[in-house]
$ cat start.txt   # compact mmCIF, C-alpha atoms and all ligand atoms
# COMPACT_ATOMS: atom_id res chain seq x y z
CA ALA A 1 -9.21 16.87 6.16
CA ALA A 2 -6.84 19.44 4.73
CA GLY A 3 -5.55 17.15 1.99
CA PRO A 4 -2.12 16.41 0.57
CA LEU A 5 -1.27 20.10 0.15
CA ALA A 6 -2.44 21.33 3.56
CA SER A 7 -1.41 24.91 4.27
CA SER A 8 1.88 25.37 6.09
CA ALA A 9 0.38 26.97 9.23
CA LEU A 10 -1.97 24.02 9.67
CA VAL A 11 0.82 21.51 9.00
CA LYS A 12 2.87 23.20 11.70
CA SER A 13 0.02 22.82 14.22
CA ILE A 14 -0.54 19.18 13.21
CA GLY A 15 3.19 18.54 13.60
CA ALA A 16 3.00 19.87 17.13
CA LEU A 17 0.44 17.15 17.92
CA THR A 18 2.00 14.28 15.98
CA GLY A 19 5.70 14.97 16.48
CA GLU A 20 7.88 15.39 13.38
CA ASN A 21 8.61 11.65 12.98
CA ASP A 22 4.96 10.81 12.39
CA LEU A 23 4.20 13.46 9.78
CA TYR A 24 5.29 12.77 6.19
CA PHE A 25 5.69 15.03 3.17
CA PHE A 26 5.89 12.59 0.32
CA ASP A 27 4.84 9.03 -0.24
CA ALA A 28 6.79 6.26 -1.90
CA ILE A 29 4.35 3.47 -2.61
CA SER A 30 5.54 0.06 -3.78
CA PRO A 31 3.41 -2.14 -6.03
CA ILE A 32 1.29 -4.84 -4.32
CA VAL A 33 0.75 -8.26 -5.85
CA GLU A 34 -2.08 -10.75 -5.20
CA GLY A 35 -0.45 -13.69 -3.41
CA ASP A 36 -2.27 -16.41 -5.34
CA THR A 37 -0.94 -15.09 -8.66
CA ILE A 38 2.74 -15.62 -7.69
CA ASN A 39 4.35 -18.61 -9.40
CA TYR A 40 5.89 -20.66 -6.59
CA ASP A 41 7.59 -23.00 -9.04
CA VAL A 42 10.10 -20.17 -9.34
CA ALA A 43 9.58 -17.91 -6.30
CA PHE A 44 10.49 -19.18 -2.83
CA LYS A 45 9.77 -18.11 0.73
CA ALA A 46 12.82 -17.21 2.83
CA ALA A 47 14.13 -14.34 4.93
CA ARG A 48 17.60 -12.97 4.21
CA TYR A 49 20.28 -15.02 6.05
CA GLY A 50 17.42 -17.21 7.33
CA LYS A 51 16.57 -14.53 9.88
CA GLY A 52 12.85 -13.99 10.32
CA GLY A 53 9.71 -15.88 9.47
CA ASP A 54 7.89 -16.81 6.33
CA ASP A 55 6.82 -13.29 5.45
CA TYR A 56 9.20 -12.83 2.48
CA VAL A 57 8.83 -14.23 -1.01
CA ASN A 58 11.88 -14.09 -3.28
CA CYS A 59 11.96 -13.96 -7.05
CA PRO A 60 15.47 -15.00 -8.13
CA MET A 61 17.06 -13.87 -11.39
CA ASN A 62 20.01 -15.14 -13.41
CA LYS A 63 22.14 -12.67 -15.40
CA GLU A 64 20.12 -13.02 -18.57
CA GLU A 65 16.82 -12.42 -16.74
CA TYR A 66 18.31 -9.45 -14.89
CA ASP A 67 19.59 -7.89 -18.13
CA ARG A 68 16.20 -8.29 -19.81
CA PHE A 69 14.44 -6.70 -16.82
CA TYR A 70 17.01 -3.91 -16.60
CA GLU A 71 16.70 -2.99 -20.28
CA ALA A 72 12.89 -2.89 -20.04
CA LEU A 73 12.98 -0.78 -16.89
CA CYS A 74 15.33 1.78 -18.44
CA VAL A 75 12.96 2.51 -21.33
CA ALA A 76 9.66 2.31 -19.37
CA GLU A 77 7.57 5.45 -19.76
CA THR A 78 7.30 7.52 -16.59
CA VAL A 79 4.48 9.76 -15.31
CA LYS A 80 5.00 13.47 -15.86
CA PRO A 81 4.82 15.57 -12.66
CA HIS A 82 1.45 17.27 -12.06
CA GLU A 83 1.19 20.83 -13.27
CA GLY A 84 2.64 23.18 -10.69
CA MET A 85 4.37 20.24 -8.97
CA GLU A 86 7.42 20.02 -11.24
CA ASP A 87 9.66 20.09 -8.18
CA GLU A 88 8.29 16.71 -7.05
CA ALA A 89 11.43 14.83 -8.09
CA LYS A 90 13.66 16.71 -5.69
CA PHE A 91 11.75 15.31 -2.69
CA PHE A 92 12.88 11.80 -3.35
CA GLU A 93 16.69 11.82 -3.04
CA GLY A 94 16.48 9.75 0.15
CA CYS A 95 14.06 7.27 -1.37
CA LEU A 96 14.67 6.92 -5.08
CA PRO A 97 12.29 5.39 -7.61
CA ILE A 98 13.63 2.13 -9.10
CA GLU A 99 13.86 3.57 -12.62
CA GLU A 100 16.15 6.32 -11.27
CA ILE A 101 18.33 3.77 -9.40
CA ALA A 102 18.59 1.81 -12.66
CA ARG A 103 19.63 4.92 -14.57
CA ARG A 104 22.60 5.30 -12.21
CA GLY A 105 24.26 2.14 -13.51
CA ARG A 106 23.60 -1.40 -14.70
CA ASP A 107 24.52 -2.97 -11.34
CA THR A 108 23.12 -0.36 -8.94
CA LEU A 109 19.86 -2.28 -8.42
CA ARG A 110 21.83 -5.46 -7.60
CA TYR A 111 23.42 -3.56 -4.72
CA GLY A 112 20.12 -1.94 -3.72
CA PRO A 113 16.56 -3.29 -3.70
CA MET A 114 17.49 -6.33 -5.82
CA LYS A 115 20.48 -7.48 -3.79
CA PRO A 116 20.71 -11.28 -3.56
CA VAL A 117 22.96 -11.57 -0.49
CA GLY A 118 21.82 -13.95 2.22
CA LEU A 119 19.41 -15.78 -0.11
CA ILE A 120 19.82 -19.25 -1.62
CA ASP A 121 17.60 -20.36 -4.49
CA PRO A 122 16.37 -23.86 -3.51
CA ARG A 123 16.21 -24.86 -7.20
CA THR A 124 19.94 -24.27 -7.78
CA GLY A 125 21.36 -24.32 -4.25
CA LEU A 126 23.15 -21.07 -5.14
CA GLN A 127 22.83 -17.36 -4.42
CA PRO A 128 20.98 -15.85 -7.41
CA TYR A 129 22.50 -13.11 -9.58
CA ALA A 130 19.80 -10.69 -8.37
CA CYS A 131 16.62 -11.10 -6.35
CA VAL A 132 13.36 -9.22 -5.99
CA GLN A 133 11.87 -9.51 -2.50
CA LEU A 134 8.18 -9.29 -1.68
CA ARG A 135 6.91 -8.80 1.84
CA LEU A 136 3.55 -10.01 3.16
CA GLU A 137 1.34 -7.01 3.85
CA ASN A 138 -0.16 -7.13 7.28
CA LEU A 139 -3.91 -6.44 7.14
CA LEU A 140 -4.14 -7.14 3.42
CA ALA A 141 -5.29 -10.70 2.88
CA ASP A 142 -2.69 -12.67 0.88
CA ALA A 143 -1.09 -9.57 -0.62
CA TYR A 144 2.62 -8.91 -1.11
CA ASN A 145 4.46 -5.62 -1.38
CA ILE A 146 7.46 -5.55 -3.76
CA VAL A 147 10.09 -4.19 -1.40
CA GLY A 148 11.79 -0.97 -2.48
CA PHE A 149 10.01 -0.84 -5.84
CA GLN A 150 8.45 2.60 -5.47
CA CYS A 151 8.43 4.17 -8.92
CA HIS A 152 7.10 6.86 -11.18
CA ILE A 153 6.28 4.56 -14.12
CA LYS A 154 2.92 4.59 -15.94
CA TYR A 155 0.64 1.77 -14.71
CA GLY A 156 0.46 -0.18 -18.01
CA GLU A 157 4.22 -0.01 -18.33
CA GLN A 158 4.65 -1.15 -14.72
CA ARG A 159 2.61 -4.27 -15.41
CA ARG A 160 4.71 -5.06 -18.51
CA VAL A 161 8.06 -4.54 -16.75
CA LEU A 162 7.15 -6.20 -13.43
CA GLN A 163 5.79 -9.28 -15.21
CA LEU A 164 9.33 -9.83 -16.53
CA ILE A 165 10.34 -10.76 -12.98
CA PRO A 166 10.59 -14.56 -12.76
CA GLY A 167 7.70 -15.79 -10.63
CA LEU A 168 5.55 -12.72 -11.42
CA GLU A 169 4.83 -13.55 -15.09
CA GLN A 170 1.09 -13.85 -14.38
CA ALA A 171 1.00 -11.52 -11.37
CA GLU A 172 -2.11 -9.45 -10.76
CA PHE A 173 -1.59 -6.13 -9.06
CA ILE A 174 -3.76 -4.78 -6.26
CA ARG A 175 -1.91 -1.49 -6.48
CA PHE A 176 0.85 -0.06 -8.64
CA GLY A 177 3.85 1.90 -7.42
CA GLN A 178 3.54 5.66 -7.03
CA MET A 179 5.47 8.56 -5.64
CA HIS A 180 4.13 11.99 -4.99
CA ARG A 181 4.26 14.99 -2.82
CA ASN A 182 1.81 14.23 -0.05
CA THR A 183 1.20 15.34 3.51
CA TYR A 184 -0.06 12.55 5.73
CA ILE A 185 0.31 11.25 9.24
CA CYS A 186 1.49 7.88 10.54
CA SER A 187 -2.06 6.88 11.47
CA PRO A 188 -1.27 3.46 12.99
CA ARG A 189 0.68 5.26 15.68
CA LEU A 190 -1.75 8.13 16.07
CA LEU A 191 -5.36 7.25 15.28
CA ARG A 192 -8.12 5.05 16.66
CA GLU A 193 -10.58 3.27 14.38
CA THR A 194 -12.97 6.14 15.09
CA LEU A 195 -10.43 8.45 13.36
CA GLN A 196 -9.86 10.30 16.65
CA MET A 197 -6.28 10.88 17.74
CA ARG A 198 -5.34 8.40 20.46
CA LEU A 199 -3.80 11.10 22.64
CA HIS A 200 -6.11 13.97 21.63
CA PRO A 201 -9.53 12.37 21.14
CA ARG A 202 -11.19 15.66 20.23
CA VAL A 203 -8.97 15.95 17.15
CA LEU A 204 -10.08 13.81 14.20
CA PHE A 205 -8.45 13.17 10.84
CA ALA A 206 -10.04 12.32 7.50
CA GLY A 207 -9.12 12.27 3.83
CA GLN A 208 -5.70 11.95 2.30
CA ILE A 209 -3.90 13.46 5.27
CA SER A 210 -5.10 10.50 7.37
CA GLY A 211 -3.25 8.07 5.11
CA ILE A 212 -5.84 7.14 2.50
CA GLU A 213 -5.90 7.87 -1.24
CA GLY A 214 -8.77 8.60 -3.57
CA TYR A 215 -12.09 10.36 -3.89
CA THR A 216 -14.38 7.72 -2.36
CA GLU A 217 -11.90 6.97 0.42
CA ALA A 218 -11.76 10.71 1.25
CA MET A 219 -15.58 10.84 1.35
CA ALA A 220 -15.83 7.66 3.45
CA THR A 221 -13.33 8.78 6.08
CA GLY A 222 -14.84 12.28 6.00
CA MET A 223 -18.25 10.81 6.77
CA LEU A 224 -16.92 8.69 9.64
CA ALA A 225 -14.86 11.49 11.17
CA GLY A 226 -17.78 13.92 10.70
CA MET A 227 -20.22 11.55 12.36
CA ASN A 228 -17.88 11.06 15.29
CA ALA A 229 -17.18 14.78 15.62
CA ALA A 230 -20.96 15.35 15.82
CA ARG A 231 -21.33 12.54 18.36
CA LEU A 232 -18.61 14.13 20.50
CA ALA A 233 -20.38 17.49 20.30
CA TRP A 234 -23.66 15.81 21.40
CA GLY A 235 -21.90 14.05 24.29
CA LYS A 236 -22.41 10.61 22.71
CA GLU A 237 -19.84 7.83 22.49
CA THR A 238 -17.86 7.72 19.27
CA ALA A 239 -18.25 4.62 17.11
CA ALA A 240 -16.03 2.49 14.86
CA ALA A 241 -17.55 1.10 11.65
CA PRO A 242 -17.63 -2.71 11.33
CA ARG A 243 -14.50 -4.38 9.97
CA TRP A 244 -16.57 -6.20 7.34
CA SER A 245 -17.59 -2.91 5.69
CA ALA A 246 -15.32 -1.05 3.26
CA ILE A 247 -15.34 2.03 5.49
CA GLY A 248 -14.65 -0.02 8.62
CA SER A 249 -11.79 -1.94 7.00
CA LEU A 250 -10.22 1.28 5.78
CA ALA A 251 -10.39 2.82 9.27
CA PHE A 252 -9.10 -0.46 10.73
CA TYR A 253 -6.13 -0.30 8.34
CA LEU A 254 -5.39 3.29 9.41
CA ALA A 255 -5.43 2.35 13.09
CA HIS A 256 -3.64 -1.01 12.90
CA ALA A 257 -1.34 -1.16 9.84
CA ASP A 258 2.37 -1.72 10.34
CA ALA A 259 3.56 1.68 11.57
CA LYS A 260 7.16 1.05 10.50
CA ASN A 261 6.23 0.52 6.86
CA PHE A 262 3.05 2.58 6.72
CA GLN A 263 1.93 3.50 3.20
CA PRO A 264 -1.33 5.21 2.20
CA ALA A 265 -4.06 2.84 1.03
CA ASN A 266 -6.99 2.74 -1.34
CA THR A 267 -10.04 0.65 -0.62
CA THR A 268 -9.57 -2.83 -2.08
CA PHE A 269 -11.14 -6.22 -1.43
CA ALA A 270 -7.83 -7.26 0.12
CA LEU A 271 -8.47 -4.82 3.00
CA LEU A 272 -11.54 -6.81 4.06
CA PRO A 273 -11.16 -9.86 6.31
CA ALA A 274 -10.35 -13.01 4.32
CA LEU A 275 -13.24 -15.40 3.76
CA GLU A 276 -13.16 -18.64 5.75
CA PRO A 277 -11.53 -21.60 3.95
CA GLU A 278 -14.87 -23.47 3.74
CA VAL A 279 -16.51 -20.47 2.02
CA ARG A 280 -13.57 -20.12 -0.39
CA LYS A 281 -13.89 -23.78 -1.27
CA VAL A 282 -17.47 -23.26 -2.44
CA ALA A 283 -17.01 -19.80 -3.99
CA LYS A 284 -14.21 -20.68 -6.38
CA LYS A 285 -14.58 -17.71 -8.72
CA LYS A 286 -13.14 -14.41 -7.54
CA SER A 287 -16.35 -12.58 -8.55
CA ASP A 288 -18.39 -14.91 -6.30
CA ARG A 289 -16.04 -14.30 -3.37
CA HIS A 290 -16.29 -10.56 -3.92
CA ARG A 291 -20.09 -10.74 -4.02
CA ILE A 292 -20.13 -12.52 -0.64
CA GLN A 293 -17.79 -9.88 0.81
CA VAL A 294 -20.01 -7.07 -0.51
CA GLU A 295 -23.17 -8.68 0.93
CA ARG A 296 -21.53 -9.18 4.32
CA GLY A 297 -20.22 -5.60 4.29
CA LEU A 298 -23.60 -4.04 3.47
CA THR A 299 -25.40 -6.17 6.06
CA ALA A 300 -22.85 -5.34 8.77
CA PHE A 301 -22.87 -1.64 7.92
CA LYS A 302 -26.68 -1.30 8.00
CA ALA A 303 -26.86 -3.21 11.30
CA TRP A 304 -24.18 -0.94 12.75
CA LEU A 305 -25.99 2.27 11.70
CA ASN A 306 -29.14 0.95 13.40
CA GLU A 307 -27.25 -0.04 16.51
CA ILE A 308 -25.72 3.41 16.99
CA GLY A 309 -28.92 5.24 16.03
CA GLU A 310 -27.56 6.81 12.81
CA SER A 311 -29.75 5.02 10.27
CA ASP A 312 -31.88 8.04 9.26
C1 LIG B 1 -3.97 15.25 -10.43
C2 LIG B 1 -4.67 14.31 -9.50
C3 LIG B 1 -5.56 13.38 -10.02
C4 LIG B 1 -6.27 12.51 -9.16
N1 LIG B 1 -7.13 11.62 -9.71
C5 LIG B 1 -7.86 10.82 -8.92
C6 LIG B 1 -8.82 9.93 -9.48
O1 LIG B 1 -9.00 9.84 -10.70
N2 LIG B 1 -9.54 9.15 -8.64
C7 LIG B 1 -9.38 9.21 -7.28
O2 LIG B 1 -10.09 8.49 -6.55
N3 LIG B 1 -8.49 10.05 -6.72
C8 LIG B 1 -7.72 10.85 -7.52
N4 LIG B 1 -6.81 11.71 -6.95
C9 LIG B 1 -6.64 11.72 -5.49
C10 LIG B 1 -7.76 12.51 -4.83
O3 LIG B 1 -7.88 13.75 -5.47
C11 LIG B 1 -7.46 12.74 -3.36
O4 LIG B 1 -7.11 11.53 -2.72
C12 LIG B 1 -8.67 13.35 -2.64
O5 LIG B 1 -9.17 14.47 -3.34
C13 LIG B 1 -8.25 13.78 -1.25
O6 LIG B 1 -9.33 14.44 -0.65
P1 LIG B 1 -9.13 15.34 0.64
O7 LIG B 1 -10.47 15.86 0.98
O8 LIG B 1 -8.39 14.56 1.64
O9 LIG B 1 -8.15 16.51 0.20
P2 LIG B 1 -8.38 17.69 -0.86
O10 LIG B 1 -9.29 17.25 -1.97
O11 LIG B 1 -7.01 18.19 -1.20
O12 LIG B 1 -9.17 18.79 -0.02
C14 LIG B 1 -8.55 19.46 1.07
C15 LIG B 1 -9.08 20.88 1.15
O13 LIG B 1 -8.62 21.49 2.37
C16 LIG B 1 -8.22 22.82 2.07
N5 LIG B 1 -7.25 23.30 3.10
C17 LIG B 1 -5.94 23.03 3.25
N6 LIG B 1 -5.42 23.66 4.31
C18 LIG B 1 -6.47 24.35 4.86
C19 LIG B 1 -6.61 25.21 6.00
N7 LIG B 1 -5.57 25.50 6.78
N8 LIG B 1 -7.83 25.74 6.27
C20 LIG B 1 -8.91 25.45 5.50
N9 LIG B 1 -8.84 24.65 4.42
C21 LIG B 1 -7.64 24.12 4.10
C22 LIG B 1 -7.59 22.70 0.70
O14 LIG B 1 -7.57 23.97 0.06
C23 LIG B 1 -8.57 21.75 0.01
O15 LIG B 1 -9.66 22.39 -0.56
C24 LIG B 1 -6.08 12.58 -7.77
C25 LIG B 1 -5.17 13.51 -7.25
C26 LIG B 1 -4.46 14.36 -8.09
C27 LIG B 1 -3.49 15.36 -7.50
$ encode --input "start.txt" --output "C-alpha cells"
Amino acid sequence: AAGPLASSALVKSIGALTGENDLYFFDAISPIVEGDTINYDVAFKAARYGKGGDDYVNCPMNKEEYDRFYEALCVAETVKPHEGMEDEAKFFEGCLPIEEIARRGRDTLRYGPMKPVGLIDPRTGLQPYACVQLRLENLLADAYNIVGFQCHIKYGEQRRVLQLIPGLEQAEFIRFGQMHRNTYICSPRLLRETLQMRLHPRVLFAGQISGIEGYTEAMATGMLAGMNAARLAWGKETAAAPRWSAIGSLAFYLAHADAKNFQPANTTFALLPALEPEVRKVAKKKSDRHRIQVERGLTAFKAWLNEIGESD
C-alpha cells in the first residue's frame, strides 16, 4: 500500500516480483460514457474493417463537425500539474493527451485516435471525415471507453468538448480522462480477488498501487488486504468479498479486468453486476436501480462477514 509515489527501493523489489511489463509509472485514463446515454441515431456499432465483434461504437464526424470539435479542444482549459510534479508532462511522450495531439496540427487527430479508415457510416454509406471510437468496457455494465482520449483537461471542460462529438451530445460520464504520474501494477495478471499475488500468495497489494484510485477505494482495499494478511498469519483461509458489494466488485475488477487495456478504477455503480432485465423494467428510475444495488450490496456484505467470522 505504498501509493502512487512508492519509494524507489520498494518499487525495485515489487518489480522483481511482477516483472517490468506489469509495473507502470504513469496512467493514461480515457473518459468512460454510460452506454444508454449514447445517441444511436448517429453512432453505430462496427469494428474497423469489419474485424471483431460488436464491442465498438463509432461516432462519425463530417468536416464541419470535426472543425468545431477541434477548435473547442484547442482552447479547453487543462489541469495544472500538482505542486512538485511539474515534470509530469515529460512522462507522456509515448502516450500523448488528445489536446497535445491536436496542438501538433489540425489533421493529426484524424491520423491518430480519430482516424476513420475501415469504417463506413451506415447513414451515408461512406467513410466519415473523422471518427471517435468507443470500446465496451469489460466488467463495467453498459459502459464505453473513448479510445485514445486520455487527456489533461479540466472535468467541466471535458464534458463541454466531448458533448460536441456527434452521438455524445447528451452523454453522461462515469469517469473523465486523466493522466498522472502513478505507480501501479497490472493487477488482472497478478492479483486474486483476495488481493494476494497469484504467484506469491503471502504478498498482498492495496491502495493506489493495486490499480484503484481514491480515498475510499484505498481504505476499502486496505481493509480487505489487511483482513486477509491477518487471516494468513492466523493460519485461516483468505476470503474474497462478495461481488455484489462495492468492495467485492472493486477487488473483482482488479483480478479480472482486461489486462491488455488495464486502467485504474474508482468505485462506481457500473462496477457492480447489472440488474436483471425484469428488475430494470420495474425500477425505471436510475435512483431506484441504485437503491436496489446498495441494498443487495449491504445484505451480501453483512452475510459474508458473518460467514467468515469477521462480523465483530
Ligand atoms: C493532489 C491530489 C488530490 C487528490 N484528491 C482526491 C480526492 O479529492 N478524493 C479522492 O478520493 N482521492 C483523491 N486523490 C487520490 C488519493 O489521494 C489516492 O488515491 C489515495 O490517497 C491513495 O492511497 P494509498 O494509501 O494507496 O497511497 P498514499 O496515500 O500515497 O499512501 C502511501 C504511503 O506509503 C508510504 N510509503 C511509500 N513507500 C514506502 C516504503 N518503502 N516504506 C514505508 N512507507 C512507504 C508513503 O510515504 C505514503 O505515506 C488525490 C490525489 C492527489 C495527488
$ closest_residue --input "start.txt" --among "A:Tyr111, A:Tyr49, A:Phe205, A:Tyr155" --to "ligand LIG 1 (chain B)" --atoms "all atoms listed in the file"
A:Phe205
$ closest_atom_pairs --input "start.txt" --of "chain A" --to "ligand LIG 1 (chain B)" --cutoff "8 Å" --atoms "only C-alpha atoms and all ligand atoms" --output "JSON lines"
{"residue": "A:Ala1", "atom": "CA", "partner": "B:LIG1", "partner_atom": "O8", "distance": 5.1}
{"residue": "A:Ala2", "atom": "CA", "partner": "B:LIG1", "partner_atom": "O13", "distance": 3.6}
{"residue": "A:Gly3", "atom": "CA", "partner": "B:LIG1", "partner_atom": "O9", "distance": 3.2}
{"residue": "A:Pro4", "atom": "CA", "partner": "B:LIG1", "partner_atom": "O11", "distance": 5.5}
{"residue": "A:Leu5", "atom": "CA", "partner": "B:LIG1", "partner_atom": "O11", "distance": 6.2}
{"residue": "A:Ala6", "atom": "CA", "partner": "B:LIG1", "partner_atom": "N6", "distance": 3.9}
{"residue": "A:Ser7", "atom": "CA", "partner": "B:LIG1", "partner_atom": "N6", "distance": 4.2}
{"residue": "A:Ser8", "atom": "CA", "partner": "B:LIG1", "partner_atom": "N7", "distance": 7.5}
{"residue": "A:Ala9", "atom": "CA", "partner": "B:LIG1", "partner_atom": "N7", "distance": 6.6}
{"residue": "A:Leu10", "atom": "CA", "partner": "B:LIG1", "partner_atom": "N7", "distance": 4.8}
{"residue": "A:Val11", "atom": "CA", "partner": "B:LIG1", "partner_atom": "N7", "distance": 7.9}
{"residue": "A:His82", "atom": "CA", "partner": "B:LIG1", "partner_atom": "C1", "distance": 6.0}
{"residue": "A:Ala206", "atom": "CA", "partner": "B:LIG1", "partner_atom": "O8", "distance": 6.5}
{"residue": "A:Gly207", "atom": "CA", "partner": "B:LIG1", "partner_atom": "O8", "distance": 3.3}
{"residue": "A:Gln208", "atom": "CA", "partner": "B:LIG1", "partner_atom": "O8", "distance": 3.8}
{"residue": "A:Ile209", "atom": "CA", "partner": "B:LIG1", "partner_atom": "O8", "distance": 5.9}
{"residue": "A:Ser210", "atom": "CA", "partner": "B:LIG1", "partner_atom": "O8", "distance": 7.8}
{"residue": "A:Ile212", "atom": "CA", "partner": "B:LIG1", "partner_atom": "O4", "distance": 6.9}
{"residue": "A:Glu213", "atom": "CA", "partner": "B:LIG1", "partner_atom": "O4", "distance": 4.1}
{"residue": "A:Gly214", "atom": "CA", "partner": "B:LIG1", "partner_atom": "O2", "distance": 3.3}
{"residue": "A:Tyr215", "atom": "CA", "partner": "B:LIG1", "partner_atom": "O2", "distance": 3.8}
{"residue": "A:Thr216", "atom": "CA", "partner": "B:LIG1", "partner_atom": "O2", "distance": 6.0}
{"residue": "A:Glu217", "atom": "CA", "partner": "B:LIG1", "partner_atom": "O4", "distance": 7.3}
{"residue": "A:Ala218", "atom": "CA", "partner": "B:LIG1", "partner_atom": "O6", "distance": 4.8}
{"residue": "A:Met219", "atom": "CA", "partner": "B:LIG1", "partner_atom": "O7", "distance": 7.2}
{"residue": "A:Gly222", "atom": "CA", "partner": "B:LIG1", "partner_atom": "O7", "distance": 7.6}
$ atom_distance --input "start.txt" --atom1 "CA of Leu73 (chain A)" --atom2 "CA of Pro97 (chain A)"
11.2 Å
$ closest_residue --input "start.txt" --among "A:Gly125, A:Gly112, A:Pro264, A:Gly19" --to "Leu96 (chain A)" --atoms "all atoms listed in the file"
A:Gly112
$ closest_residue --input "start.txt" --among "A:Lys63, A:Lys12, A:Lys154, A:His180" --to "Glu99 (chain A)" --atoms "all atoms listed in the file"
A:Lys154
$ atom_distance --input "start.txt" --atom1 "CA of Cys95 (chain A)" --atom2 "CA of Arg159 (chain A)"
21.5 Å
$ atom_distance --input "start.txt" --atom1 "CA of Thr124 (chain A)" --atom2 "CA of Glu64 (chain A)"
15.6 Å
$ residues_around --input "start.txt" --residues "region 137-153 of chain A" --least-positions-apart "4" --cutoff "8 Å" --atoms "only C-alpha atoms" --output "PyMOL selection string"
chain A and resi 28-36+76-79+96-99+113+132-133+157-158+174+177-179+253+256-258+270-274
$ closest_residue --input "start.txt" --among "A:Arg280, A:Arg202, A:Arg175, A:Lys286" --to "Thr267 (chain A)" --atoms "only C-alpha atoms"
A:Arg175
$ closest_residue --input "start.txt" --among "A:Leu136, A:Leu17, A:Ala239, A:Ala229" --to "Ile308 (chain A)" --atoms "all atoms listed in the file"
A:Ala239
$ build_atoms --input "start.txt" --residues "region 256-267 of chain A" --atoms "N, CA, C and O atoms" --output "PDB file, in the coordinates of the input"
ATOM      1  N   HIS A 256      -4.397   0.195  12.517  1.00  0.00           N
ATOM      2  CA  HIS A 256      -3.640  -1.010  12.900  1.00  0.00           C
ATOM      3  C   HIS A 256      -2.595  -1.464  11.889  1.00  0.00           C
ATOM      4  O   HIS A 256      -1.998  -2.527  12.074  1.00  0.00           O
ATOM      5  N   ALA A 257      -2.362  -0.726  10.814  1.00  0.00           N
ATOM      6  CA  ALA A 257      -1.340  -1.160   9.840  1.00  0.00           C
ATOM      7  C   ALA A 257       0.036  -1.139  10.507  1.00  0.00           C
ATOM      8  O   ALA A 257       0.200  -0.609  11.614  1.00  0.00           O
ATOM      9  N   ASP A 258       1.004  -1.691   9.817  1.00  0.00           N
ATOM     10  CA  ASP A 258       2.370  -1.720  10.340  1.00  0.00           C
ATOM     11  C   ASP A 258       2.935  -0.295  10.314  1.00  0.00           C
ATOM     12  O   ASP A 258       3.162   0.278   9.244  1.00  0.00           O
ATOM     13  N   ALA A 259       3.147   0.271  11.498  1.00  0.00           N
ATOM     14  CA  ALA A 259       3.560   1.680  11.570  1.00  0.00           C
ATOM     15  C   ALA A 259       4.940   1.908  10.959  1.00  0.00           C
ATOM     16  O   ALA A 259       5.230   2.970  10.413  1.00  0.00           O
ATOM     17  N   LYS A 260       5.780   0.876  11.008  1.00  0.00           N
ATOM     18  CA  LYS A 260       7.160   1.050  10.500  1.00  0.00           C
ATOM     19  C   LYS A 260       7.192   1.165   8.989  1.00  0.00           C
ATOM     20  O   LYS A 260       8.070   1.783   8.425  1.00  0.00           O
ATOM     21  N   ASN A 261       6.254   0.494   8.329  1.00  0.00           N
ATOM     22  CA  ASN A 261       6.230   0.520   6.860  1.00  0.00           C
ATOM     23  C   ASN A 261       4.923   1.123   6.351  1.00  0.00           C
ATOM     24  O   ASN A 261       4.397   0.711   5.333  1.00  0.00           O
ATOM     25  N   PHE A 262       4.391   2.086   7.069  1.00  0.00           N
ATOM     26  CA  PHE A 262       3.050   2.580   6.720  1.00  0.00           C
ATOM     27  C   PHE A 262       3.032   3.286   5.365  1.00  0.00           C
ATOM     28  O   PHE A 262       3.848   4.166   5.108  1.00  0.00           O
ATOM     29  N   GLN A 263       2.125   2.855   4.504  1.00  0.00           N
ATOM     30  CA  GLN A 263       1.930   3.500   3.200  1.00  0.00           C
ATOM     31  C   GLN A 263       0.449   3.762   3.004  1.00  0.00           C
ATOM     32  O   GLN A 263      -0.383   2.929   3.395  1.00  0.00           O
ATOM     33  N   PRO A 264       0.098   4.905   2.411  1.00  0.00           N
ATOM     34  CA  PRO A 264      -1.330   5.210   2.200  1.00  0.00           C
ATOM     35  C   PRO A 264      -2.025   4.109   1.407  1.00  0.00           C
ATOM     36  O   PRO A 264      -1.401   3.445   0.589  1.00  0.00           O
ATOM     37  N   ALA A 265      -3.323   3.947   1.668  1.00  0.00           N
ATOM     38  CA  ALA A 265      -4.060   2.840   1.030  1.00  0.00           C
ATOM     39  C   ALA A 265      -5.313   3.334   0.329  1.00  0.00           C
ATOM     40  O   ALA A 265      -5.936   4.313   0.734  1.00  0.00           O
ATOM     41  N   ASN A 266      -5.670   2.617  -0.725  1.00  0.00           N
ATOM     42  CA  ASN A 266      -6.990   2.740  -1.340  1.00  0.00           C
ATOM     43  C   ASN A 266      -7.859   1.624  -0.776  1.00  0.00           C
ATOM     44  O   ASN A 266      -7.348   0.655  -0.242  1.00  0.00           O
ATOM     45  N   THR A 267      -9.163   1.766  -0.979  1.00  0.00           N
ATOM     46  CA  THR A 267     -10.040   0.650  -0.620  1.00  0.00           C
ATOM     47  C   THR A 267      -9.862  -0.458  -1.649  1.00  0.00           C
ATOM     48  O   THR A 267      -9.911  -0.200  -2.849  1.00  0.00           O
TER      49      THR A 267
END
